[in-house]
$ cat input06.pdb   # PDB, C-alpha atoms, pLDDT in the B column
ATOM      1  CA  MET A   1      -7.098  76.467-107.072  1.00 41.00           C
ATOM      2  CA  ALA A   2      -3.890  78.374-106.407  1.00 44.00           C
ATOM      3  CA  ASN A   3      -0.830  76.338-105.488  1.00 46.00           C
ATOM      4  CA  HIS A   4       0.488  77.549-102.089  1.00 45.00           C
ATOM      5  CA  ALA A   5       3.153  74.856-101.710  1.00 49.00           C
ATOM      6  CA  HIS A   6       5.976  77.043-103.008  1.00 58.00           C
ATOM      7  CA  ASN A   7       4.543  80.474-102.301  1.00 65.00           C
ATOM      8  CA  PRO A   8       7.538  82.496-101.000  1.00 72.00           C
ATOM      9  CA  VAL A   9       5.303  84.960 -99.144  1.00 72.00           C
ATOM     10  CA  LEU A  10       3.573  82.185 -97.196  1.00 65.00           C
ATOM     11  CA  ALA A  11       6.902  80.456 -96.557  1.00 63.00           C
ATOM     12  CA  GLU A  12       8.353  83.644 -95.100  1.00 69.00           C
ATOM     13  CA  LEU A  13       5.225  84.175 -93.000  1.00 70.00           C
ATOM     14  CA  ARG A  14       5.429  80.633 -91.596  1.00 61.00           C
ATOM     15  CA  GLU A  15       9.103  81.140 -90.757  1.00 64.00           C
ATOM     16  CA  ARG A  16       8.375  84.385 -88.927  1.00 67.00           C
ATOM     17  CA  ILE A  17       5.535  82.765 -86.969  1.00 62.00           C
ATOM     18  CA  GLU A  18       7.805  79.868 -85.980  1.00 55.00           C
ATOM     19  CA  GLN A  19      10.463  82.324 -84.814  1.00 57.00           C
ATOM     20  CA  LEU A  20       7.927  84.250 -82.750  1.00 54.00           C
ATOM     21  CA  GLU A  21       6.493  81.093 -81.224  1.00 49.00           C
ATOM     22  CA  GLY A  22       9.962  79.760 -80.533  1.00 48.00           C
ATOM     23  CA  GLY A  23      10.932  82.993 -78.812  1.00 46.00           C
ATOM     24  CA  ALA A  24       7.796  82.855 -76.676  1.00 44.00           C
ATOM     25  CA  ARG A  25       8.553  79.272 -75.655  1.00 46.00           C
ATOM     26  CA  ARG A  26      12.123  80.164 -74.692  1.00 48.00           C
ATOM     27  CA  ALA A  27      10.936  83.233 -72.810  1.00 43.00           C
ATOM     28  CA  ARG A  28       8.770  81.017 -70.611  1.00 54.00           C
ATOM     29  CA  GLN A  29      11.701  78.799 -69.636  1.00 91.00           C
ATOM     30  CA  VAL A  30      13.336  79.352 -66.274  1.00 96.00           C
ATOM     31  CA  LEU A  31      16.570  78.373 -64.559  1.00 97.00           C
ATOM     32  CA  PRO A  32      15.816  77.062 -61.052  1.00 97.00           C
ATOM     33  CA  PHE A  33      18.320  77.612 -58.266  1.00 97.00           C
ATOM     34  CA  GLY A  34      17.481  74.185 -56.890  1.00 95.00           C
ATOM     35  CA  VAL A  35      16.667  75.753 -53.511  1.00 96.00           C
ATOM     36  CA  THR A  36      12.959  75.553 -52.732  1.00 95.00           C
ATOM     37  CA  GLU A  37      12.799  78.709 -50.639  1.00 95.00           C
ATOM     38  CA  VAL A  38      14.465  80.755 -53.376  1.00 96.00           C
ATOM     39  CA  ASP A  39      12.663  79.227 -56.362  1.00 96.00           C
ATOM     40  CA  ARG A  40       9.193  79.679 -54.908  1.00 94.00           C
ATOM     41  CA  SER A  41       9.870  83.423 -54.645  1.00 94.00           C
ATOM     42  CA  LEU A  42      10.363  83.596 -58.416  1.00 95.00           C
ATOM     43  CA  PRO A  43       7.525  83.332 -60.970  1.00 92.00           C
ATOM     44  CA  GLY A  44       7.816  79.996 -62.737  1.00 92.00           C
ATOM     45  CA  GLY A  45      10.193  78.674 -60.100  1.00 95.00           C
ATOM     46  CA  GLY A  46      13.469  80.201 -61.278  1.00 96.00           C
ATOM     47  CA  LEU A  47      15.266  82.966 -63.160  1.00 96.00           C
ATOM     48  CA  ALA A  48      13.557  83.547 -66.485  1.00 96.00           C
ATOM     49  CA  PHE A  49      15.288  83.140 -69.813  1.00 97.00           C
ATOM     50  CA  GLY A  50      14.292  85.719 -72.390  1.00 96.00           C
ATOM     51  CA  ALA A  51      14.484  88.369 -69.690  1.00 97.00           C
ATOM     52  CA  LEU A  52      16.817  90.923 -68.125  1.00 98.00           C
ATOM     53  CA  HIS A  53      18.097  90.639 -64.548  1.00 98.00           C
ATOM     54  CA  GLU A  54      20.125  93.082 -62.431  1.00 98.00           C
ATOM     55  CA  ILE A  55      22.645  92.064 -59.775  1.00 97.00           C
ATOM     56  CA  ALA A  56      24.893  94.266 -57.636  1.00 96.00           C
ATOM     57  CA  GLY A  57      27.060  94.112 -54.561  1.00 93.00           C
ATOM     58  CA  GLY A  58      25.523  95.243 -51.293  1.00 88.00           C
ATOM     59  CA  GLY A  59      27.966  98.114 -50.900  1.00 75.00           C
ATOM     60  CA  GLY A  60      30.428 100.091 -52.927  1.00 67.00           C
ATOM     61  CA  GLY A  61      33.362  97.950 -51.814  1.00 76.00           C
ATOM     62  CA  THR A  62      35.374  95.426 -53.781  1.00 85.00           C
ATOM     63  CA  VAL A  63      34.412  92.453 -51.604  1.00 89.00           C
ATOM     64  CA  ASP A  64      30.653  92.742 -52.137  1.00 93.00           C
ATOM     65  CA  GLY A  65      31.248  93.451 -55.823  1.00 92.00           C
ATOM     66  CA  ALA A  66      33.294  90.267 -56.142  1.00 94.00           C
ATOM     67  CA  ALA A  67      30.545  88.285 -54.410  1.00 96.00           C
ATOM     68  CA  ALA A  68      27.988  89.638 -56.886  1.00 96.00           C
ATOM     69  CA  ALA A  69      30.238  88.638 -59.807  1.00 96.00           C
ATOM     70  CA  LEU A  70      30.561  85.089 -58.453  1.00 97.00           C
ATOM     71  CA  PHE A  71      26.791  84.909 -57.957  1.00 98.00           C
ATOM     72  CA  VAL A  72      26.413  85.816 -61.640  1.00 98.00           C
ATOM     73  CA  ALA A  73      29.049  83.245 -62.612  1.00 98.00           C
ATOM     74  CA  GLY A  74      27.138  80.536 -60.756  1.00 98.00           C
ATOM     75  CA  VAL A  75      23.939  81.405 -62.615  1.00 98.00           C
ATOM     76  CA  ALA A  76      25.734  81.398 -65.974  1.00 98.00           C
ATOM     77  CA  ALA A  77      27.419  78.089 -65.134  1.00 97.00           C
ATOM     78  CA  ARG A  78      24.096  76.340 -64.549  1.00 97.00           C
ATOM     79  CA  ALA A  79      22.481  77.874 -67.636  1.00 96.00           C
ATOM     80  CA  GLY A  80      24.723  75.884 -69.970  1.00 92.00           C
ATOM     81  CA  GLY A  81      25.819  77.052 -73.412  1.00 94.00           C
ATOM     82  CA  LYS A  82      28.055  79.935 -74.389  1.00 96.00           C
ATOM     83  CA  VAL A  83      28.331  83.084 -72.279  1.00 97.00           C
ATOM     84  CA  LEU A  84      29.236  86.583 -73.468  1.00 97.00           C
ATOM     85  CA  TRP A  85      30.760  88.724 -70.692  1.00 97.00           C
ATOM     86  CA  CYS A  86      31.023  92.447 -71.523  1.00 97.00           C
ATOM     87  CA  MET A  87      33.126  94.709 -69.324  1.00 95.00           C
ATOM     88  CA  ALA A  88      34.800  98.090 -69.124  1.00 90.00           C
ATOM     89  CA  ARG A  89      37.356  97.065 -66.491  1.00 86.00           C
ATOM     90  CA  PRO A  90      39.390  93.900 -67.192  1.00 86.00           C
ATOM     91  CA  ASP A  91      39.734  92.990 -63.519  1.00 88.00           C
ATOM     92  CA  LEU A  92      37.642  89.819 -63.358  1.00 90.00           C
ATOM     93  CA  PHE A  93      39.594  87.140 -61.448  1.00 91.00           C
ATOM     94  CA  PHE A  94      38.793  84.138 -63.591  1.00 89.00           C
ATOM     95  CA  PRO A  95      40.195  81.373 -61.331  1.00 93.00           C
ATOM     96  CA  ALA A  96      37.448  82.299 -58.850  1.00 93.00           C
ATOM     97  CA  VAL A  97      34.864  82.288 -61.650  1.00 95.00           C
ATOM     98  CA  THR A  98      36.034  78.802 -62.631  1.00 95.00           C
ATOM     99  CA  GLN A  99      35.572  77.636 -59.040  1.00 94.00           C
ATOM    100  CA  ALA A 100      31.967  78.856 -59.318  1.00 96.00           C
ATOM    101  CA  GLY A 101      31.437  76.354 -62.141  1.00 96.00           C
ATOM    102  CA  LEU A 102      32.028  78.510 -65.227  1.00 97.00           C
ATOM    103  CA  PRO A 103      35.010  77.212 -67.265  1.00 96.00           C
ATOM    104  CA  PRO A 104      36.943  79.554 -69.584  1.00 93.00           C
ATOM    105  CA  ASP A 105      36.062  77.628 -72.759  1.00 95.00           C
ATOM    106  CA  ARG A 106      32.414  78.659 -72.353  1.00 96.00           C
ATOM    107  CA  VAL A 107      33.060  82.397 -72.017  1.00 96.00           C
ATOM    108  CA  VAL A 108      33.691  85.024 -74.679  1.00 96.00           C
ATOM    109  CA  PHE A 109      34.945  88.333 -73.273  1.00 95.00           C
ATOM    110  CA  CYS A 110      34.210  91.724 -74.772  1.00 95.00           C
ATOM    111  CA  GLU A 111      36.200  94.652 -73.369  1.00 94.00           C
ATOM    112  CA  SER A 112      35.826  98.373 -73.941  1.00 92.00           C
ATOM    113  CA  ASP A 113      36.949 101.442 -72.043  1.00 87.00           C
ATOM    114  CA  ARG A 114      33.612 103.177 -72.693  1.00 91.00           C
ATOM    115  CA  GLU A 115      30.407 102.181 -70.935  1.00 92.00           C
ATOM    116  CA  GLU A 116      28.304 103.176 -73.959  1.00 94.00           C
ATOM    117  CA  GLN A 117      30.131 100.587 -76.042  1.00 96.00           C
ATOM    118  CA  VAL A 118      29.649  97.970 -73.332  1.00 96.00           C
ATOM    119  CA  LEU A 119      25.906  98.670 -73.423  1.00 96.00           C
ATOM    120  CA  ASP A 120      25.889  98.288 -77.220  1.00 97.00           C
ATOM    121  CA  ALA A 121      27.784  94.996 -76.925  1.00 97.00           C
ATOM    122  CA  ILE A 122      25.224  93.655 -74.442  1.00 98.00           C
ATOM    123  CA  GLU A 123      22.357  94.507 -76.783  1.00 97.00           C
ATOM    124  CA  GLN A 124      24.090  92.955 -79.790  1.00 96.00           C
ATOM    125  CA  GLY A 125      24.904  89.843 -77.775  1.00 97.00           C
ATOM    126  CA  LEU A 126      21.296  89.439 -76.669  1.00 97.00           C
ATOM    127  CA  SER A 127      20.171  89.880 -80.279  1.00 96.00           C
ATOM    128  CA  PHE A 128      22.472  87.088 -81.456  1.00 92.00           C
ATOM    129  CA  ARG A 129      20.908  83.636 -81.428  1.00 90.00           C
ATOM    130  CA  GLY A 130      23.262  81.079 -79.956  1.00 91.00           C
ATOM    131  CA  LEU A 131      24.216  82.565 -76.585  1.00 95.00           C
ATOM    132  CA  ALA A 132      22.706  81.224 -73.385  1.00 96.00           C
ATOM    133  CA  VAL A 133      23.634  84.172 -71.156  1.00 98.00           C
ATOM    134  CA  VAL A 134      24.907  87.687 -71.816  1.00 98.00           C
ATOM    135  CA  VAL A 135      26.539  89.434 -68.857  1.00 98.00           C
ATOM    136  CA  GLY A 136      27.331  93.133 -68.928  1.00 97.00           C
ATOM    137  CA  GLU A 137      29.076  95.224 -66.284  1.00 96.00           C
ATOM    138  CA  LEU A 138      27.571  98.709 -66.037  1.00 95.00           C
ATOM    139  CA  VAL A 139      27.533 101.589 -63.587  1.00 92.00           C
ATOM    140  CA  ARG A 140      24.225 103.022 -64.785  1.00 92.00           C
ATOM    141  CA  LEU A 141      21.272 101.458 -66.562  1.00 95.00           C
ATOM    142  CA  PRO A 142      18.748 104.031 -67.848  1.00 94.00           C
ATOM    143  CA  MET A 143      15.156 102.931 -68.314  1.00 96.00           C
ATOM    144  CA  THR A 144      15.272 103.310 -72.111  1.00 96.00           C
ATOM    145  CA  ALA A 145      18.414 101.196 -72.379  1.00 97.00           C
ATOM    146  CA  SER A 146      16.986  98.526 -70.077  1.00 97.00           C
ATOM    147  CA  ARG A 147      13.874  98.288 -72.257  1.00 97.00           C
ATOM    148  CA  ARG A 148      16.015  97.693 -75.332  1.00 97.00           C
ATOM    149  CA  LEU A 149      17.909  94.933 -73.534  1.00 98.00           C
ATOM    150  CA  GLN A 150      14.687  93.348 -72.292  1.00 97.00           C
ATOM    151  CA  LEU A 151      13.195  93.340 -75.801  1.00 97.00           C
ATOM    152  CA  ALA A 152      16.378  91.868 -77.280  1.00 97.00           C
ATOM    153  CA  ALA A 153      16.354  89.085 -74.676  1.00 97.00           C
ATOM    154  CA  GLU A 154      12.688  88.332 -75.356  1.00 95.00           C
ATOM    155  CA  LYS A 155      13.339  87.899 -79.086  1.00 94.00           C
ATOM    156  CA  THR A 156      16.140  85.343 -78.729  1.00 95.00           C
ATOM    157  CA  GLY A 157      15.299  83.719 -75.398  1.00 95.00           C
ATOM    158  CA  ALA A 158      18.752  84.457 -73.966  1.00 96.00           C
ATOM    159  CA  MET A 159      19.184  85.489 -70.353  1.00 98.00           C
ATOM    160  CA  GLY A 160      20.520  89.006 -69.890  1.00 98.00           C
ATOM    161  CA  ILE A 161      22.327  89.889 -66.662  1.00 98.00           C
ATOM    162  CA  VAL A 162      23.525  93.401 -65.896  1.00 98.00           C
ATOM    163  CA  LEU A 163      26.161  93.346 -63.176  1.00 97.00           C
ATOM    164  CA  ARG A 164      26.069  96.805 -61.641  1.00 94.00           C
ATOM    165  CA  ARG A 165      29.513  97.970 -60.524  1.00 89.00           C
ATOM    166  CA  TRP A 166      30.310 101.243 -58.794  1.00 81.00           C
ATOM    167  CA  ARG A 167      33.512 103.229 -59.071  1.00 76.00           C
ATOM    168  CA  ARG A 168      32.423 105.586 -56.297  1.00 74.00           C
ATOM    169  CA  GLN A 169      30.107 105.105 -53.345  1.00 73.00           C
ATOM    170  CA  ASN A 170      27.644 107.785 -54.477  1.00 72.00           C
ATOM    171  CA  GLU A 171      27.015 105.870 -57.726  1.00 75.00           C
ATOM    172  CA  ALA A 172      25.312 103.081 -55.767  1.00 76.00           C
ATOM    173  CA  SER A 173      22.262 105.322 -55.224  1.00 76.00           C
ATOM    174  CA  ASP A 174      21.401 104.864 -58.907  1.00 79.00           C
ATOM    175  CA  TYR A 175      20.490 101.234 -58.168  1.00 86.00           C
ATOM    176  CA  GLY A 176      17.152 102.362 -56.774  1.00 83.00           C
ATOM    177  CA  GLN A 177      16.043 103.891 -60.070  1.00 90.00           C
ATOM    178  CA  PRO A 178      13.338 102.017 -62.036  1.00 93.00           C
ATOM    179  CA  THR A 179      14.366  99.791 -64.944  1.00 96.00           C
ATOM    180  CA  ALA A 180      12.709  97.174 -67.141  1.00 96.00           C
ATOM    181  CA  SER A 181      14.564  94.283 -65.502  1.00 97.00           C
ATOM    182  CA  THR A 182      12.557  91.254 -64.393  1.00 96.00           C
ATOM    183  CA  THR A 183      14.481  90.787 -61.154  1.00 97.00           C
ATOM    184  CA  ARG A 184      16.897  92.894 -59.134  1.00 97.00           C
ATOM    185  CA  TRP A 185      19.308  91.346 -56.627  1.00 97.00           C
ATOM    186  CA  ARG A 186      21.780  92.674 -54.065  1.00 96.00           C
ATOM    187  CA  ILE A 187      24.546  90.403 -52.755  1.00 97.00           C
ATOM    188  CA  SER A 188      26.409  91.180 -49.520  1.00 96.00           C
ATOM    189  CA  THR A 189      29.129  89.182 -47.810  1.00 94.00           C
ATOM    190  CA  LEU A 190      28.642  87.699 -44.338  1.00 94.00           C
ATOM    191  CA  PRO A 191      31.045  85.855 -42.010  1.00 90.00           C
ATOM    192  CA  SER A 192      31.876  82.498 -43.567  1.00 83.00           C
ATOM    193  CA  GLN A 193      30.176  79.298 -42.505  1.00 74.00           C
ATOM    194  CA  ARG A 194      31.607  77.890 -39.287  1.00 76.00           C
ATOM    195  CA  LEU A 195      33.429  74.586 -39.338  1.00 74.00           C
ATOM    196  CA  PRO A 196      33.684  72.070 -36.489  1.00 75.00           C
ATOM    197  CA  VAL A 197      37.467  72.178 -36.951  1.00 75.00           C
ATOM    198  CA  ALA A 198      39.983  74.939 -37.620  1.00 70.00           C
ATOM    199  CA  GLY A 199      39.725  76.372 -41.121  1.00 68.00           C
ATOM    200  CA  VAL A 200      37.727  78.652 -43.393  1.00 72.00           C
ATOM    201  CA  GLY A 201      34.207  77.526 -44.209  1.00 77.00           C
ATOM    202  CA  ARG A 202      32.090  78.085 -47.282  1.00 84.00           C
ATOM    203  CA  ALA A 203      31.618  81.742 -48.185  1.00 91.00           C
ATOM    204  CA  ARG A 204      28.289  83.032 -46.895  1.00 94.00           C
ATOM    205  CA  TRP A 205      26.236  85.790 -48.504  1.00 96.00           C
ATOM    206  CA  LEU A 206      23.037  87.708 -47.954  1.00 97.00           C
ATOM    207  CA  ALA A 207      21.072  87.566 -51.221  1.00 97.00           C
ATOM    208  CA  GLU A 208      18.324  90.186 -51.342  1.00 97.00           C
ATOM    209  CA  LEU A 209      15.670  89.864 -54.020  1.00 97.00           C
ATOM    210  CA  MET A 210      14.852  93.566 -54.115  1.00 96.00           C
ATOM    211  CA  ARG A 211      12.438  93.473 -57.024  1.00 95.00           C
ATOM    212  CA  VAL A 212      10.662  90.773 -59.010  1.00 95.00           C
ATOM    213  CA  LYS A 213       7.855  91.130 -61.518  1.00 92.00           C
ATOM    214  CA  ALA A 214       4.716  89.281 -60.425  1.00 86.00           C
ATOM    215  CA  GLY A 215       6.383  88.307 -57.156  1.00 86.00           C
ATOM    216  CA  GLU A 216       7.383  89.500 -53.707  1.00 88.00           C
ATOM    217  CA  CYS A 217      10.711  90.690 -52.351  1.00 94.00           C
ATOM    218  CA  ALA A 218      12.676  88.307 -50.141  1.00 96.00           C
ATOM    219  CA  GLU A 219      16.113  87.731 -48.677  1.00 96.00           C
ATOM    220  CA  PHE A 220      18.165  84.606 -48.069  1.00 96.00           C
ATOM    221  CA  GLU A 221      21.408  83.634 -46.378  1.00 96.00           C
ATOM    222  CA  ILE A 222      23.122  81.442 -48.938  1.00 96.00           C
ATOM    223  CA  GLY A 223      26.367  79.592 -49.456  1.00 95.00           C
ATOM    224  CA  ALA A 224      28.525  80.671 -52.393  1.00 95.00           C
ATOM    225  CA  PRO A 225      28.291  78.624 -55.620  1.00 96.00           C
ATOM    226  CA  ASP A 226      30.073  75.290 -55.617  1.00 95.00           C
ATOM    227  CA  ALA A 227      32.038  73.805 -58.525  1.00 95.00           C
ATOM    228  CA  LYS A 228      28.765  73.279 -60.432  1.00 96.00           C
ATOM    229  CA  GLY A 229      27.395  76.766 -59.784  1.00 96.00           C
ATOM    230  CA  ARG A 230      24.922  75.590 -57.136  1.00 97.00           C
ATOM    231  CA  ILE A 231      24.122  77.696 -54.094  1.00 97.00           C
ATOM    232  CA  CYS A 232      22.643  76.397 -50.855  1.00 95.00           C
ATOM    233  CA  LEU A 233      20.475  77.889 -48.150  1.00 94.00           C
ATOM    234  CA  LEU A 234      22.278  78.368 -44.843  1.00 89.00           C
ATOM    235  CA  PRO A 235      20.648  78.676 -41.413  1.00 82.00           C
ATOM    236  CA  THR A 236      20.189  82.271 -40.300  1.00 69.00           C
ATOM    237  CA  ALA A 237      21.344  83.613 -36.948  1.00 50.00           C
ATOM    238  CA  ILE A 238      17.788  83.234 -35.614  1.00 45.00           C
ATOM    239  CA  ASP A 239      17.615  79.619 -36.792  1.00 52.00           C
ATOM    240  CA  ARG A 240      20.953  78.867 -35.139  1.00 49.00           C
ATOM    241  CA  ALA A 241      19.786  80.461 -31.889  1.00 45.00           C
ATOM    242  CA  ASP A 242      16.617  78.335 -31.960  1.00 51.00           C
ATOM    243  CA  GLN A 243      18.643  75.183 -32.599  1.00 46.00           C
ATOM    244  CA  THR A 244      20.985  76.011 -29.717  1.00 45.00           C
ATOM    245  CA  ALA A 245      18.038  76.627 -27.392  1.00 47.00           C
ATOM    246  CA  ARG A 246      16.449  73.304 -28.377  1.00 51.00           C
ATOM    247  CA  ARG A 247      19.688  71.416 -27.786  1.00 47.00           C
ATOM    248  CA  ARG A 248      20.057  73.003 -24.363  1.00 49.00           C
ATOM    249  CA  SER A 249      16.470  72.164 -23.432  1.00 54.00           C
ATOM    250  CA  LEU A 250      16.965  68.553 -24.500  1.00 49.00           C
ATOM    251  CA  ALA A 251      20.240  68.338 -22.591  1.00 52.00           C
ATOM    252  CA  GLY A 252      18.590  69.776 -19.482  1.00 53.00           C
TER     253      GLY A 252
END

$ encode --input "input06.pdb" --output "structure tokens"
Amino acid sequence: MANHAHNPVLAELRERIEQLEGGARRARQVLPFGVTEVDRSLPGGGLAFGALHEIAGGGGGTVDGAAAALFVAGVAARAGGKVLWCMARPDLFFPAVTQAGLPPDRVVFCESDREEQVLDAIEQGLSFRGLAVVVGELVRLPMTASRRLQLAAEKTGAMGIVLRRWRRQNEASDYGQPTASTTRWRISTLPSQRLPVAGVGRARWLAELMRVKAGECAEFEIGAPDAKGRICLLPTAIDRADQTARRRSLAG
């Protein structure tokens, strides 16, 4: 009988099978938001690892773009592990990112003045085992490129996030084009949460889940990430009106 104990071909085959099975297990893992209404809109109850996600500001302005970046920072903060952040414009205000729960010692920055090189850096980062999240700032994301990023994320189990940023308002129309991303989000700023005393309340955003594989679109009014990257669900204007009406009826 042949001795298979030290057969290099079988050993290599076992290693490849373990890698494939390990990648499949990681791909099935998700990162819950910890908000029931949001998590139940996502297959598996959270943002999938081993997958690509797109996030953009609700408009072409700086304020919505900054809100989208902080939303991404909150996700990366809760994911744990090292984060690679690829960008073409070195204008990320890191003190705000730190307030969203992502400390500087967990982030490796990759800067380039060409978007093609940023795209290559994202793909290489997703192909490298050892990163929890790879964030890349892009204006455009062609279907072919998004498929490469999705496949790279599936192989390593890392979470890929493309933060879409526009230099001009007309570039925002590209966000409606199809890609291979698992989810697509749009973050818009709203008036901050009211306080019972004078002051500025928690930043309030409209988070639109515009696309999700094997799920349905939804939108939520949320509070910005806290120091641990956690968002919260805030009452909508309709909810507040209902609460006011109930209080008045009880008082009457």

$ residues_around --input "input06.pdb" --residues "region 161-178 of chain A" --least-positions-apart "3" --cutoff "7 Å" --atoms "all atoms listed in the file" --output "number ranges by chain"
A: 52-56, 60, 65, 134-140, 143

$ atom_distance --input "input06.pdb" --atom1 "CA of Leu42 (chain A)" --atom2 "CA of Trp185 (chain A)"
12.0 Å

$ atom_distance --input "input06.pdb" --atom1 "CA of Gly125 (chain A)" --atom2 "CA of Gly80 (chain A)"
16.0 Å

$ closest_residue --input "input06.pdb" --among "A:Ala227, A:Met159, A:Cys217, A:Leu233" --to "Pro95 (chain A)" --atoms "only C-alpha atoms"
A:Ala227

$ atom_distance --input "input06.pdb" --atom1 "CA of Leu102 (chain A)" --atom2 "CA of Ala73 (chain A)"
6.2 Å

$ resolve_selection --input "input06.pdb" --expression "the PyMOL selection byres ((chain A and resi 228) around 10)" --output "list in words"
Gly74, Val75, Ala77, Arg78, Thr98, Gln99, Ala100, Gly101, Leu102, Pro225, Asp226, Ala227, Gly229, Arg230 and Ile231 of chain A

$ resolve_selection --input "input06.pdb" --expression "the PyMOL selection byres ((chain A and resi 111-117) around 12)" --output "count of residues only"
30

$ resolve_selection --input "input06.pdb" --expression "the PyMOL selection byres ((chain A and resi 206) around 9)" --output "ChimeraX atom specification"
/A:58,186-190,204-205,207-208,219-223

$ closest_residue --input "input06.pdb" --among "A:Gln193, A:Gln29, A:Thr156, A:Gln150" --to "Ala79 (chain A)" --atoms "all atoms listed in the file"
A:Gln29

$ decode --input "input06.pdb" --residues "region 43-108 of chain A" --atoms "C-alpha atoms" --output "mmCIF file, in the first residue's frame"
data_model
loop_
_atom_site.group_PDB
_atom_site.id
_atom_site.type_symbol
_atom_site.label_atom_id
_atom_site.label_comp_id
_atom_site.auth_asym_id
_atom_site.auth_seq_id
_atom_site.Cartn_x
_atom_site.Cartn_y
_atom_site.Cartn_z
ATOM 1 C CA PRO A 43 -28.830 39.118 4.999
ATOM 2 C CA GLY A 44 -27.236 37.357 7.948
ATOM 3 C CA GLY A 45 -27.989 40.272 10.247
ATOM 4 C CA GLY A 46 -25.114 42.605 9.388
ATOM 5 C CA LEU A 47 -22.528 43.772 6.865
ATOM 6 C CA ALA A 48 -20.828 40.767 5.318
ATOM 7 C CA PHE A 49 -17.117 40.126 5.555
ATOM 8 C CA GLY A 50 -15.601 38.688 2.405
ATOM 9 C CA ALA A 51 -17.671 41.139 0.391
ATOM 10 C CA LEU A 52 -17.569 44.583 -1.204
ATOM 11 C CA HIS A 53 -19.723 47.486 -0.001
ATOM 12 C CA GLU A 54 -20.247 50.970 -1.469
ATOM 13 C CA ILE A 55 -20.932 54.097 0.578
ATOM 14 C CA ALA A 56 -21.346 57.690 -0.603
ATOM 15 C CA GLY A 57 -22.574 61.037 0.605
ATOM 16 C CA GLY A 58 -26.120 62.012 -0.285
ATOM 17 C CA GLY A 59 -25.002 64.983 -2.358
ATOM 18 C CA GLY A 60 -21.912 66.347 -3.992
ATOM 19 C CA GLY A 61 -21.106 68.596 -1.038
ATOM 20 C CA THR A 62 -18.342 68.297 1.522
ATOM 21 C CA VAL A 63 -20.680 67.878 4.500
ATOM 22 C CA ASP A 64 -22.444 64.760 3.211
ATOM 23 C CA GLY A 65 -19.104 63.373 2.043
ATOM 24 C CA ALA A 66 -17.658 63.824 5.527
ATOM 25 C CA ALA A 67 -20.677 62.071 7.044
ATOM 26 C CA ALA A 68 -20.159 59.116 4.699
ATOM 27 C CA ALA A 69 -16.476 58.924 5.699
ATOM 28 C CA LEU A 70 -17.397 58.867 9.399
ATOM 29 C CA PHE A 71 -20.004 56.175 8.733
ATOM 30 C CA VAL A 72 -17.235 54.097 7.138
ATOM 31 C CA ALA A 73 -14.913 54.822 10.068
ATOM 32 C CA GLY A 74 -17.544 53.569 12.506
ATOM 33 C CA VAL A 75 -17.904 50.317 10.573
ATOM 34 C CA ALA A 76 -14.130 49.827 10.438
ATOM 35 C CA ALA A 77 -13.836 50.608 14.152
ATOM 36 C CA ARG A 78 -16.259 47.840 15.108
ATOM 37 C CA ALA A 79 -14.694 45.326 12.716
ATOM 38 C CA GLY A 80 -11.496 45.160 14.760
ATOM 39 C CA GLY A 81 -8.059 44.436 13.319
ATOM 40 C CA LYS A 82 -5.951 46.483 10.947
ATOM 41 C CA VAL A 83 -7.491 48.819 8.376
ATOM 42 C CA LEU A 84 -5.987 49.903 5.053
ATOM 43 C CA TRP A 85 -7.341 53.275 3.864
ATOM 44 C CA CYS A 86 -6.502 54.129 0.233
ATOM 45 C CA MET A 87 -7.049 57.662 -1.031
ATOM 46 C CA ALA A 88 -6.221 60.081 -3.812
ATOM 47 C CA ARG A 89 -6.867 63.222 -1.752
ATOM 48 C CA PRO A 90 -5.118 63.455 1.644
ATOM 49 C CA ASP A 91 -7.900 65.500 3.231
ATOM 50 C CA LEU A 92 -9.263 63.021 5.771
ATOM 51 C CA PHE A 93 -9.680 64.796 9.136
ATOM 52 C CA PHE A 94 -8.419 62.080 11.433
ATOM 53 C CA PRO A 95 -9.441 63.597 14.805
ATOM 54 C CA ALA A 96 -13.056 63.136 13.678
ATOM 55 C CA VAL A 97 -12.296 59.570 12.571
ATOM 56 C CA THR A 98 -10.827 58.882 16.014
ATOM 57 C CA GLN A 99 -14.014 60.181 17.635
ATOM 58 C CA ALA A 100 -15.893 57.604 15.539
ATOM 59 C CA GLY A 101 -13.920 54.867 17.309
ATOM 60 C CA LEU A 102 -11.064 54.247 14.863
ATOM 61 C CA PRO A 103 -7.671 55.025 16.480
ATOM 62 C CA PRO A 104 -4.653 55.927 14.318
ATOM 63 C CA ASP A 105 -2.598 52.895 15.390
ATOM 64 C CA ARG A 106 -5.057 50.609 13.584
ATOM 65 C CA VAL A 107 -4.940 52.417 10.234
ATOM 66 C CA VAL A 108 -2.404 52.205 7.423
#
